[in-house]
file input_30.pdb (PDB, C-alpha atoms)
ATOM      1  CA  ASN A1140      58.787 -59.741  13.961
ATOM      2  CA  LEU A1141      59.545 -56.245  15.235
ATOM      3  CA  ALA A1142      61.638 -57.345  18.225
ATOM      4  CA  ASP A1143      64.634 -55.336  16.981
ATOM      5  CA  GLY A1144      62.502 -52.334  16.015
ATOM      6  CA  THR A1145      62.283 -53.197  12.297
ATOM      7  CA  GLY A1146      60.388 -55.672  10.148
ATOM      8  CA  ALA A1147      59.011 -56.332   6.670
ATOM      9  CA  ILE A1148      56.046 -58.087   5.100
ATOM     10  CA  ASN A1149      55.617 -59.051   1.452
ATOM     11  CA  VAL A1150      52.148 -58.761  -0.114
ATOM     12  CA  MET A1151      51.694 -60.742  -3.331
ATOM     13  CA  ILE A1152      50.999 -58.768  -6.516
ATOM     14  CA  GLY A1153      47.343 -58.515  -7.417
ATOM     15  CA  VAL A1154      46.188 -59.273  -3.867
ATOM     16  CA  ASP A1155      44.207 -56.565  -2.095
ATOM     17  CA  SER A1156      45.365 -57.511   1.369
ATOM     18  CA  LEU A1157      45.217 -55.940   4.815
ATOM     19  CA  PHE A1158      48.103 -56.919   7.057
ATOM     20  CA  THR A1159      48.050 -56.445  10.818
ATOM     21  CA  PHE A1160      51.211 -56.252  12.927
ATOM     22  CA  TYR A1161      50.828 -57.782  16.381
ATOM     23  CA  SER A1162      52.776 -57.493  19.661
ATOM     24  CA  LEU A1163      53.605 -53.828  19.132
ATOM     25  CA  GLU A1164      54.607 -51.599  22.019
ATOM     26  CA  GLU A1165      51.838 -49.368  23.336
ATOM     27  CA  THR A1166      51.799 -45.587  22.722
ATOM     28  CA  THR A1167      54.715 -45.921  20.289
ATOM     29  CA  ASP A1168      55.125 -44.179  16.935
ATOM     30  CA  TYR A1169      55.776 -46.649  14.077
ATOM     31  CA  PHE A1170      56.923 -45.625  10.585
ATOM     32  CA  PHE A1171      56.154 -47.474   7.339
ATOM     33  CA  LYS A1172      57.393 -47.392   3.750
ATOM     34  CA  ILE A1173      55.951 -49.300   0.784
ATOM     35  CA  TYR A1174      58.356 -50.665  -1.853
ATOM     36  CA  PRO A1175      57.318 -52.555  -5.009
ATOM     37  CA  TYR A1176      59.308 -55.711  -5.770
ATOM     38  CA  THR A1177      59.795 -58.494  -8.294
ATOM     39  CA  ASN A1178      60.848 -62.140  -7.961
ATOM     40  CA  SER A1179      61.045 -63.958  -4.655
ATOM     41  CA  GLY A1180      63.401 -65.775  -2.311
ATOM     42  CA  THR A1181      67.086 -65.020  -2.853
ATOM     43  CA  GLY A1182      66.195 -63.398  -6.188
ATOM     44  CA  ILE A1183      63.825 -60.816  -4.738
ATOM     45  CA  ASN A1184      64.473 -57.307  -6.014
ATOM     46  CA  TYR A1185      63.025 -54.243  -4.296
ATOM     47  CA  LYS A1186      62.617 -50.946  -6.106
ATOM     48  CA  THR A1187      64.259 -48.533  -3.669
ATOM     49  CA  ASP A1188      65.052 -45.589  -5.929
ATOM     50  CA  GLY A1189      62.870 -42.514  -5.863
ATOM     51  CA  SER A1190      60.504 -41.666  -3.016
ATOM     52  CA  ALA A1191      58.572 -44.589  -1.552
ATOM     53  CA  PRO A1192      55.076 -43.966  -0.137
ATOM     54  CA  ALA A1193      55.444 -43.553   3.619
ATOM     55  CA  GLY A1194      53.340 -43.037   6.709
ATOM     56  CA  HIS A1195      53.336 -43.391  10.459
ATOM     57  CA  ASP A1196      50.928 -43.854  13.318
ATOM     58  CA  THR A1197      50.972 -44.208  17.096
ATOM     59  CA  THR A1198      49.704 -47.322  18.835
ATOM     60  CA  GLN A1199      47.031 -46.975  21.508
ATOM     61  CA  SER A1200      47.278 -47.757  25.210
ATOM     62  CA  ILE A1201      47.021 -51.409  26.254
ATOM     63  CA  ILE A1202      44.537 -52.088  29.051
ATOM     64  CA  ASN A1203      45.579 -55.697  29.612
ATOM     65  CA  THR A1204      47.709 -58.226  27.755
ATOM     66  CA  ASN A1205      48.597 -61.839  28.457
ATOM     67  CA  ASN A1206      50.731 -64.241  26.425
ATOM     68  CA  PHE A1207      51.285 -66.798  29.232
ATOM     69  CA  GLU A1208      55.031 -66.602  28.581
ATOM     70  CA  GLY A1209      55.687 -66.715  32.323
ATOM     71  CA  ASN A1210      54.359 -70.301  32.265
ATOM     72  CA  SER A1211      51.385 -69.118  34.328
ATOM     73  CA  PHE A1212      47.971 -67.509  33.891
ATOM     74  CA  GLY A1213      49.487 -64.179  34.893
ATOM     75  CA  THR A1214      46.791 -61.715  35.915
ATOM     76  CA  TRP A1215      44.025 -64.027  34.659
ATOM     77  CA  THR A1216      42.256 -66.634  36.814
ATOM     78  CA  ALA A1217      41.164 -70.167  35.946
ATOM     79  CA  TYR A1218      38.035 -71.475  37.680
ATOM     80  CA  SER A1219      36.413 -74.897  37.296
ATOM     81  CA  VAL A1220      32.679 -75.054  37.989
ATOM     82  CA  ALA A1221      32.486 -78.695  36.867
ATOM     83  CA  SER A1222      34.838 -81.548  35.809
ATOM     84  CA  ASP A1223      38.337 -82.648  36.730
ATOM     85  CA  LYS A1224      39.700 -81.293  33.418
ATOM     86  CA  ASN A1225      40.914 -77.760  34.024
ATOM     87  CA  TRP A1226      42.602 -74.897  32.186
ATOM     88  CA  THR A1227      46.364 -75.499  31.921
ATOM     89  CA  VAL A1228      49.308 -73.497  30.620
ATOM     90  CA  PHE A1229      51.245 -75.531  28.045
ATOM     91  CA  ASN A1230      54.773 -75.145  26.730
ATOM     92  CA  GLY A1231      54.492 -75.573  22.962
ATOM     93  CA  ALA A1232      53.914 -73.839  19.656
ATOM     94  CA  GLY A1233      51.840 -70.797  20.570
ATOM     95  CA  ALA A1234      50.611 -68.080  18.233
ATOM     96  CA  TYR A1235      53.200 -65.858  16.539
ATOM     97  CA  SER A1236      56.186 -67.906  17.786
ATOM     98  CA  THR A1237      55.269 -67.645  21.462
ATOM     99  CA  ALA A1238      56.311 -70.606  23.603
ATOM    100  CA  TYR A1239      53.286 -70.930  25.916
ATOM    101  CA  PHE A1240      49.494 -70.938  25.658
ATOM    102  CA  ALA A1241      46.447 -71.721  27.796
ATOM    103  CA  ASN A1242      44.554 -74.904  26.916
ATOM    104  CA  ILE A1243      41.379 -76.688  27.982
ATOM    105  CA  ASN A1244      40.285 -80.187  26.953
ATOM    106  CA  GLY A1245      37.401 -81.914  28.716
ATOM    107  CA  PHE A1246      37.739 -85.258  26.924
ATOM    108  CA  ASN A1247      37.327 -88.196  29.323
ATOM    109  CA  GLY A1248      36.557 -85.902  32.241
ATOM    110  CA  ASP A1249      34.566 -87.184  35.188
ATOM    111  CA  VAL A1250      31.620 -84.970  34.125
ATOM    112  CA  ALA A1251      30.903 -82.464  31.354
ATOM    113  CA  SER A1252      33.211 -79.465  31.719
ATOM    114  CA  ASN A1253      32.203 -75.966  32.736
ATOM    115  CA  ASP A1254      35.510 -74.147  32.990
ATOM    116  CA  TRP A1255      36.385 -70.459  32.901
ATOM    117  CA  LEU A1256      39.445 -68.323  32.247
ATOM    118  CA  ILE A1257      38.752 -64.846  33.641
ATOM    119  CA  SER A1258      40.526 -61.524  33.235
ATOM    120  CA  PRO A1259      41.340 -59.193  36.121
ATOM    121  CA  GLY A1260      38.983 -56.278  36.682
ATOM    122  CA  LEU A1261      39.306 -53.690  33.905
ATOM    123  CA  ASN A1262      38.484 -49.999  34.270
ATOM    124  CA  LEU A1263      36.855 -49.344  30.907
ATOM    125  CA  ASN A1264      35.663 -45.905  32.026
ATOM    126  CA  ALA A1265      39.246 -44.690  31.725
ATOM    127  CA  PHE A1266      39.404 -45.435  27.971
ATOM    128  CA  THR A1267      37.404 -44.975  24.780
ATOM    129  CA  ASP A1268      36.945 -47.121  21.667
ATOM    130  CA  GLU A1269      38.169 -50.225  23.495
ATOM    131  CA  LYS A1270      38.796 -53.376  21.474
ATOM    132  CA  MET A1271      39.996 -56.861  22.302
ATOM    133  CA  ILE A1272      41.873 -59.334  20.125
ATOM    134  CA  PHE A1273      43.201 -62.808  20.870
ATOM    135  CA  PHE A1274      44.407 -65.900  19.051
ATOM    136  CA  VAL A1275      42.617 -69.223  19.263
ATOM    137  CA  SER A1276      43.244 -72.759  18.042
ATOM    138  CA  TRP A1277      41.174 -75.928  18.333
ATOM    139  CA  ALA A1278      41.568 -79.652  17.660
ATOM    140  CA  PHE A1279      39.435 -82.807  17.473
ATOM    141  CA  THR A1280      35.707 -83.158  16.853
ATOM    142  CA  GLY A1281      33.086 -81.301  18.837
ATOM    143  CA  ASP A1282      30.870 -78.234  18.843
ATOM    144  CA  SER A1283      32.452 -74.861  18.046
ATOM    145  CA  ASN A1284      29.891 -73.200  20.332
ATOM    146  CA  GLU A1285      31.303 -74.946  23.410
ATOM    147  CA  PHE A1286      33.931 -72.173  23.605
ATOM    148  CA  LYS A1287      32.622 -68.634  24.132
ATOM    149  CA  LEU A1288      33.712 -65.160  25.203
ATOM    150  CA  TYR A1289      31.727 -63.135  27.745
ATOM    151  CA  TYR A1290      31.940 -59.995  29.846
ATOM    152  CA  SER A1291      30.503 -59.171  33.261
ATOM    153  CA  THR A1292      30.089 -55.988  35.263
ATOM    154  CA  ASP A1293      28.959 -57.722  38.475
ATOM    155  CA  PHE A1294      31.532 -60.518  38.867
ATOM    156  CA  THR A1295      33.309 -60.165  42.226
ATOM    157  CA  GLY A1296      35.454 -63.303  42.224
ATOM    158  CA  GLY A1297      34.905 -66.969  43.022
ATOM    159  CA  ASP A1298      32.261 -68.947  41.182
ATOM    160  CA  PRO A1299      31.546 -67.166  37.845
ATOM    161  CA  SER A1300      28.159 -68.884  37.539
ATOM    162  CA  LEU A1301      26.912 -66.526  40.286
ATOM    163  CA  ALA A1302      27.501 -63.458  38.089
ATOM    164  CA  THR A1303      25.729 -62.119  34.991
ATOM    165  CA  TRP A1304      27.658 -62.691  31.745
ATOM    166  CA  ILE A1305      26.942 -61.238  28.305
ATOM    167  CA  ASN A1306      28.178 -62.920  25.131
ATOM    168  CA  LEU A1307      30.824 -61.239  22.947
ATOM    169  CA  PRO A1308      30.904 -62.629  19.360
ATOM    170  CA  PHE A1309      34.275 -63.261  17.728
ATOM    171  CA  THR A1310      35.656 -64.797  14.526
ATOM    172  CA  ARG A1311      36.140 -68.570  14.686
ATOM    173  CA  TYR A1312      38.688 -70.276  12.432
ATOM    174  CA  TYR A1313      37.380 -73.360  10.690
ATOM    175  CA  THR A1314      40.741 -75.106  10.251
ATOM    176  CA  ALA A1315      41.837 -77.407  13.061
ATOM    177  CA  SER A1316      45.213 -76.985  14.791
ATOM    178  CA  THR A1317      45.715 -73.542  13.243
ATOM    179  CA  TRP A1318      46.171 -70.340  15.211
ATOM    180  CA  GLY A1319      43.840 -67.609  14.029
ATOM    181  CA  PRO A1320      42.967 -64.112  15.252
ATOM    182  CA  SER A1321      39.561 -63.420  16.759
ATOM    183  CA  GLY A1322      39.172 -60.164  14.885
ATOM    184  CA  PHE A1323      38.681 -56.979  16.869
ATOM    185  CA  VAL A1324      36.002 -57.554  19.520
ATOM    186  CA  ASP A1325      34.254 -54.243  20.227
ATOM    187  CA  LEU A1326      34.120 -53.337  23.938
ATOM    188  CA  SER A1327      33.374 -49.639  23.422
ATOM    189  CA  SER A1328      29.745 -49.884  24.567
ATOM    190  CA  ILE A1329      30.697 -51.448  27.923
ATOM    191  CA  SER A1330      31.113 -49.144  30.915
ATOM    192  CA  GLY A1331      32.376 -49.861  34.402
ATOM    193  CA  THR A1332      35.446 -49.636  36.587
ATOM    194  CA  ASP A1333      35.588 -53.376  37.334
ATOM    195  CA  VAL A1334      34.679 -55.181  34.107
ATOM    196  CA  HIS A1335      35.815 -58.771  33.581
ATOM    197  CA  VAL A1336      36.036 -60.641  30.280
ATOM    198  CA  ALA A1337      36.193 -64.430  30.302
ATOM    199  CA  PHE A1338      36.449 -67.512  28.143
ATOM    200  CA  GLN A1339      33.947 -70.225  29.029
ATOM    201  CA  TYR A1340      34.389 -73.842  27.983
ATOM    202  CA  LEU A1341      31.010 -75.546  28.386
ATOM    203  CA  ILE A1342      30.531 -78.996  26.861
ATOM    204  CA  ALA A1343      27.591 -81.383  26.640
ATOM    205  CA  SER A1344      29.577 -84.596  27.043
ATOM    206  CA  PRO A1345      33.167 -85.522  27.973
ATOM    207  CA  ALA A1346      33.012 -88.253  25.309
ATOM    208  CA  VAL A1347      32.980 -85.878  22.300
ATOM    209  CA  THR A1348      34.620 -82.492  22.630
ATOM    210  CA  ARG A1349      37.238 -80.200  21.174
ATOM    211  CA  SER A1350      40.472 -79.026  22.731
ATOM    212  CA  TRP A1351      40.737 -75.210  22.789
ATOM    213  CA  SER A1352      43.829 -73.041  23.139
ATOM    214  CA  VAL A1353      44.261 -69.278  23.523
TER
END
call {"tool": "encode", "arguments": {"input": "input_30.pdb", "output": "structure tokens"}}
result
Amino acid sequence: NLADGTGAINVMIGVDSLFTFYSLEETTDYFFKIYPYTNSGTGINYKTDGSAPAGHDTTQSIINTNNFEGNSFGTWTAYSVASDKNWTVFNGAGAYSTAYFANINGFNGDVASNDWLISPGLNLNAFTDEKMIFFVSWAFTGDSNEFKLYYSTDFTGGDPSLATWINLPFTRYYTASTWGPSGFVDLSSISGTDVHVAFQYLIASPAVTRSWSV
């Protein structure tokens, strides 16, 4: 948690681990120092004498971000092509201690769900090396492929099934009811001044399906 401008993470000895800090401010210079330590809990002891390895780097610009903390979809749009079970913003245990998240669950719907959560238009021509990351959690039985990420360069609003969408692969966590990062989704090959990315929830039957949260 870097809300006050500082934070620390402990990496266990013998573990070759990569740690990623999230929710950083854009175009901000962050400084790091690495201290060895022994013990744990109240007995932890950091070696702070001498010169600790240090470094710094500047975060990149953010094209779009959404944590639903306003208890709304923000700049994103929910659209239901089929079913009476729609995307909803929930107040609960979101990723990284956030209080809200978007959820879709088509169980017991009137028909099989085809529901979308769509970003605003993004000008990807104004940036280079674009990447996307999000957190996802699922629950209950069902098919992991019923939840997918797409992008479109010809979506103009309204019914997303009228546009052309191209799949964007991402990392899926295999543990239920656990928030996990998608990994960095590469958008660098996509060009356009009005590009939309979207989550589609498409199920085969409202009798057996997962609940998905982002």
call {"tool": "axis_aligned_box", "arguments": {"input": "input_30.pdb", "around": "segment 1225-1239 of chain A", "padding_each_side": "6 Å", "output": "JSON"}}
result
{"center_x": 48.6, "center_y": -71.8, "center_z": 25.3, "size_x": 27.4, "size_y": 23.9, "size_z": 29.5}
call {"tool": "residues_around", "arguments": {"input": "input_30.pdb", "residues": "segment 1253-1265 of chain A", "least_positions_apart": "3", "cutoff": "7 Å", "atoms": "all atoms listed in the file", "output": "ChimeraX atom specification"}}
result
/A:1214-1222,1225,1330-1342
call {"tool": "write_last_selection", "arguments": {"input": "input_30.pdb", "atoms": "C-alpha atoms", "output": "compact mmCIF listing (two decimals), in the frame of the given file"}}
result
# COMPACT_ATOMS: atom_id res chain seq x y z
CA THR A 1214 46.79 -61.72 35.92
CA TRP A 1215 44.02 -64.03 34.66
CA THR A 1216 42.26 -66.63 36.81
CA ALA A 1217 41.16 -70.17 35.95
CA TYR A 1218 38.03 -71.47 37.68
CA SER A 1219 36.41 -74.90 37.30
CA VAL A 1220 32.68 -75.05 37.99
CA ALA A 1221 32.49 -78.69 36.87
CA SER A 1222 34.84 -81.55 35.81
CA ASN A 1225 40.91 -77.76 34.02
CA SER A 1330 31.11 -49.14 30.92
CA GLY A 1331 32.38 -49.86 34.40
CA THR A 1332 35.45 -49.64 36.59
CA ASP A 1333 35.59 -53.38 37.33
CA VAL A 1334 34.68 -55.18 34.11
CA HIS A 1335 35.82 -58.77 33.58
CA VAL A 1336 36.04 -60.64 30.28
CA ALA A 1337 36.19 -64.43 30.30
CA PHE A 1338 36.45 -67.51 28.14
CA GLN A 1339 33.95 -70.22 29.03
CA TYR A 1340 34.39 -73.84 27.98
CA LEU A 1341 31.01 -75.55 28.39
CA ILE A 1342 30.53 -79.00 26.86
call {"tool": "residues_around", "arguments": {"input": "input_30.pdb", "residues": "segment 1172-1179 of chain A", "least_positions_apart": "2", "cutoff": "8 Å", "atoms": "all atoms listed in the file", "output": "list in words"}}
result
Phe1170, Thr1181, Gly1182, Ile1183, Asn1184, Tyr1185, Lys1186, Thr1187, Ala1191, Pro1192, Ala1193 and Gly1194 of chain A
call {"tool": "write_last_selection", "arguments": {"input": "input_30.pdb", "atoms": "C-alpha atoms", "output": "tab-separated table (two decimals), in the coordinates of the input"}}
result
chain	number	residue	atom	x	y	z
A	1170	PHE	CA	56.92	-45.62	10.58
A	1181	THR	CA	67.09	-65.02	-2.85
A	1182	GLY	CA	66.19	-63.40	-6.19
A	1183	ILE	CA	63.82	-60.82	-4.74
A	1184	ASN	CA	64.47	-57.31	-6.01
A	1185	TYR	CA	63.02	-54.24	-4.30
A	1186	LYS	CA	62.62	-50.95	-6.11
A	1187	THR	CA	64.26	-48.53	-3.67
A	1191	ALA	CA	58.57	-44.59	-1.55
A	1192	PRO	CA	55.08	-43.97	-0.14
A	1193	ALA	CA	55.44	-43.55	3.62
A	1194	GLY	CA	53.34	-43.04	6.71
call {"tool": "resolve_selection", "arguments": {"input": "input_30.pdb", "expression": "the PyMOL selection byres ((chain A and resi 1169) around 7)", "output": "ChimeraX atom specification"}}
result
/A:1167-1168,1170-1171,1195-1197
call {"tool": "atom_distance", "arguments": {"input": "input_30.pdb", "atom1": "atom CA of Phe1286 of chain A", "atom2": "atom CA of Asp1223 of chain A"}}
result
17.4 Å
call {"tool": "atom_distance", "arguments": {"input": "input_30.pdb", "atom1": "atom CA of Thr1310 of chain A", "atom2": "atom CA of Pro1345 of chain A"}}
result
24.8 Å
call {"tool": "atom_distance", "arguments": {"input": "input_30.pdb", "atom1": "atom CA of Phe1212 of chain A", "atom2": "atom CA of Thr1145 of chain A"}}
result
29.6 Å
call {"tool": "resolve_selection", "arguments": {"input": "input_30.pdb", "expression": "the PyMOL selection byres ((chain A and resi 1238-1251) around 8)", "output": "ChimeraX atom specification"}}
result
/A:1206-1208,1210,1212,1221-1233,1236-1237,1252-1253,1340-1353
call {"tool": "closest_residue", "arguments": {"input": "input_30.pdb", "among": "A:Phe1266, A:Asn1306, A:Phe1158, A:Glu1164", "to": "Leu1141 of chain A", "atoms": "only C-alpha atoms"}}
result
A:Glu1164
call {"tool": "closest_residue", "arguments": {"input": "input_30.pdb", "among": "A:Asp1298, A:Tyr1290, A:Tyr1312, A:Ile1305", "to": "Phe1274 of chain A", "atoms": "all atoms listed in the file"}}
result
A:Tyr1312
call {"tool": "closest_residue", "arguments": {"input": "input_30.pdb", "among": "A:Leu1288, A:Leu1301, A:Ala1278, A:Leu1326", "to": "Thr1314 of chain A", "atoms": "all atoms listed in the file"}}
result
A:Ala1278
call {"tool": "build_atoms", "arguments": {"input": "input_30.pdb", "residues": "segment 1304-1315 of chain A", "atoms": "all heavy atoms", "output": "CSV table (one decimal), keeping the file's coordinate frame"}}
result
chain,number,residue,atom,x,y,z
A,1304,TRP,N,26.7,-62.7,32.8
A,1304,TRP,CA,27.7,-62.7,31.7
A,1304,TRP,C,26.9,-62.5,30.4
A,1304,TRP,O,25.9,-63.1,30.2
A,1304,TRP,CB,28.5,-64.0,31.7
A,1304,TRP,CG,29.3,-64.2,32.9
A,1304,TRP,CD1,28.9,-64.9,34.0
A,1304,TRP,CD2,30.6,-63.7,33.1
A,1304,TRP,NE1,30.0,-64.9,34.9
A,1304,TRP,CE2,31.0,-64.2,34.4
A,1304,TRP,CE3,31.5,-63.0,32.3
A,1304,TRP,CZ2,32.3,-63.9,34.9
A,1304,TRP,CZ3,32.8,-62.7,32.9
A,1304,TRP,CH2,33.1,-63.2,34.2
A,1305,ILE,N,27.5,-61.6,29.6
A,1305,ILE,CA,26.9,-61.2,28.3
A,1305,ILE,C,27.9,-61.7,27.2
A,1305,ILE,O,29.1,-61.4,27.3
A,1305,ILE,CB,26.7,-59.7,28.2
A,1305,ILE,CG1,25.7,-59.3,29.3
A,1305,ILE,CG2,26.1,-59.3,26.8
A,1305,ILE,CD1,25.4,-57.8,29.4
A,1306,ASN,N,27.4,-62.3,26.2
A,1306,ASN,CA,28.2,-62.9,25.1
A,1306,ASN,C,28.8,-61.8,24.3
A,1306,ASN,O,28.2,-60.8,23.9
A,1306,ASN,CB,27.3,-63.8,24.3
A,1306,ASN,CG,28.1,-64.5,23.2
A,1306,ASN,OD1,29.1,-65.2,23.5
A,1306,ASN,ND2,27.7,-64.3,21.9
A,1307,LEU,N,30.1,-62.1,23.9
A,1307,LEU,CA,30.8,-61.2,22.9
A,1307,LEU,C,31.2,-62.1,21.7
A,1307,LEU,O,32.1,-63.0,21.8
A,1307,LEU,CB,32.1,-60.7,23.6
A,1307,LEU,CG,31.9,-59.7,24.7
A,1307,LEU,CD1,33.2,-59.5,25.5
A,1307,LEU,CD2,31.4,-58.3,24.1
A,1308,PRO,N,30.6,-61.8,20.6
A,1308,PRO,CA,30.9,-62.6,19.4
A,1308,PRO,C,32.3,-62.4,18.9
A,1308,PRO,O,32.9,-61.3,19.1
A,1308,PRO,CB,29.9,-62.1,18.3
A,1308,PRO,CG,28.8,-61.4,19.1
A,1308,PRO,CD,29.5,-60.9,20.3
A,1309,PHE,N,32.9,-63.4,18.3
A,1309,PHE,CA,34.3,-63.3,17.7
A,1309,PHE,C,34.4,-64.2,16.5
A,1309,PHE,O,33.6,-65.1,16.4
A,1309,PHE,CB,35.4,-63.5,18.8
A,1309,PHE,CG,35.4,-64.9,19.3
A,1309,PHE,CD1,36.2,-65.9,18.7
A,1309,PHE,CD2,34.6,-65.3,20.4
A,1309,PHE,CE1,36.2,-67.2,19.2
A,1309,PHE,CE2,34.7,-66.6,20.9
A,1309,PHE,CZ,35.4,-67.5,20.3
A,1310,THR,N,35.4,-64.0,15.7
A,1310,THR,CA,35.7,-64.8,14.5
A,1310,THR,C,36.2,-66.2,14.9
A,1310,THR,O,37.2,-66.2,15.7
A,1310,THR,CB,36.6,-64.1,13.6
A,1310,THR,OG1,36.0,-62.8,13.2
A,1310,THR,CG2,36.9,-64.9,12.3
A,1311,ARG,N,35.7,-67.2,14.4
A,1311,ARG,CA,36.1,-68.6,14.7
A,1311,ARG,C,36.8,-69.2,13.4
A,1311,ARG,O,36.2,-69.2,12.4
A,1311,ARG,CB,35.0,-69.5,15.1
A,1311,ARG,CG,34.3,-69.0,16.4
A,1311,ARG,CD,33.0,-69.8,16.7
A,1311,ARG,NE,32.3,-69.3,17.8
A,1311,ARG,CZ,32.6,-69.7,19.1
A,1311,ARG,NH1,33.5,-70.6,19.3
A,1311,ARG,NH2,31.9,-69.2,20.1
A,1312,TYR,N,38.0,-69.6,13.6
A,1312,TYR,CA,38.7,-70.3,12.4
A,1312,TYR,C,38.1,-71.7,12.2
A,1312,TYR,O,37.9,-72.4,13.2
A,1312,TYR,CB,40.2,-70.3,12.7
A,1312,TYR,CG,40.9,-69.2,12.0
A,1312,TYR,CD1,40.5,-67.9,12.2
A,1312,TYR,CD2,42.0,-69.4,11.2
A,1312,TYR,CE1,41.2,-66.8,11.6
A,1312,TYR,CE2,42.7,-68.4,10.6
A,1312,TYR,CZ,42.2,-67.1,10.7
A,1312,TYR,OH,42.9,-66.0,10.1
A,1313,TYR,N,38.0,-72.1,11.0
A,1313,TYR,CA,37.4,-73.4,10.7
A,1313,TYR,C,38.4,-74.5,10.4
A,1313,TYR,O,38.0,-75.6,10.1
A,1313,TYR,CB,36.4,-73.2,9.5
A,1313,TYR,CG,35.2,-72.4,9.8
A,1313,TYR,CD1,35.2,-71.0,9.5
A,1313,TYR,CD2,34.2,-72.9,10.5
A,1313,TYR,CE1,34.1,-70.3,9.8
A,1313,TYR,CE2,33.0,-72.1,10.9
A,1313,TYR,CZ,33.0,-70.8,10.5
A,1313,TYR,OH,31.9,-70.0,10.8
A,1314,THR,N,39.7,-74.1,10.5
A,1314,THR,CA,40.7,-75.1,10.3
A,1314,THR,C,41.3,-75.6,11.6
A,1314,THR,O,41.8,-74.7,12.4
A,1314,THR,CB,41.9,-74.5,9.4
A,1314,THR,OG1,41.3,-74.0,8.2
A,1314,THR,CG2,42.9,-75.6,9.1
A,1315,ALA,N,41.3,-76.9,11.8
A,1315,ALA,CA,41.8,-77.4,13.1
A,1315,ALA,C,43.3,-77.2,13.2
A,1315,ALA,O,44.1,-77.1,12.2
A,1315,ALA,CB,41.5,-78.9,13.2
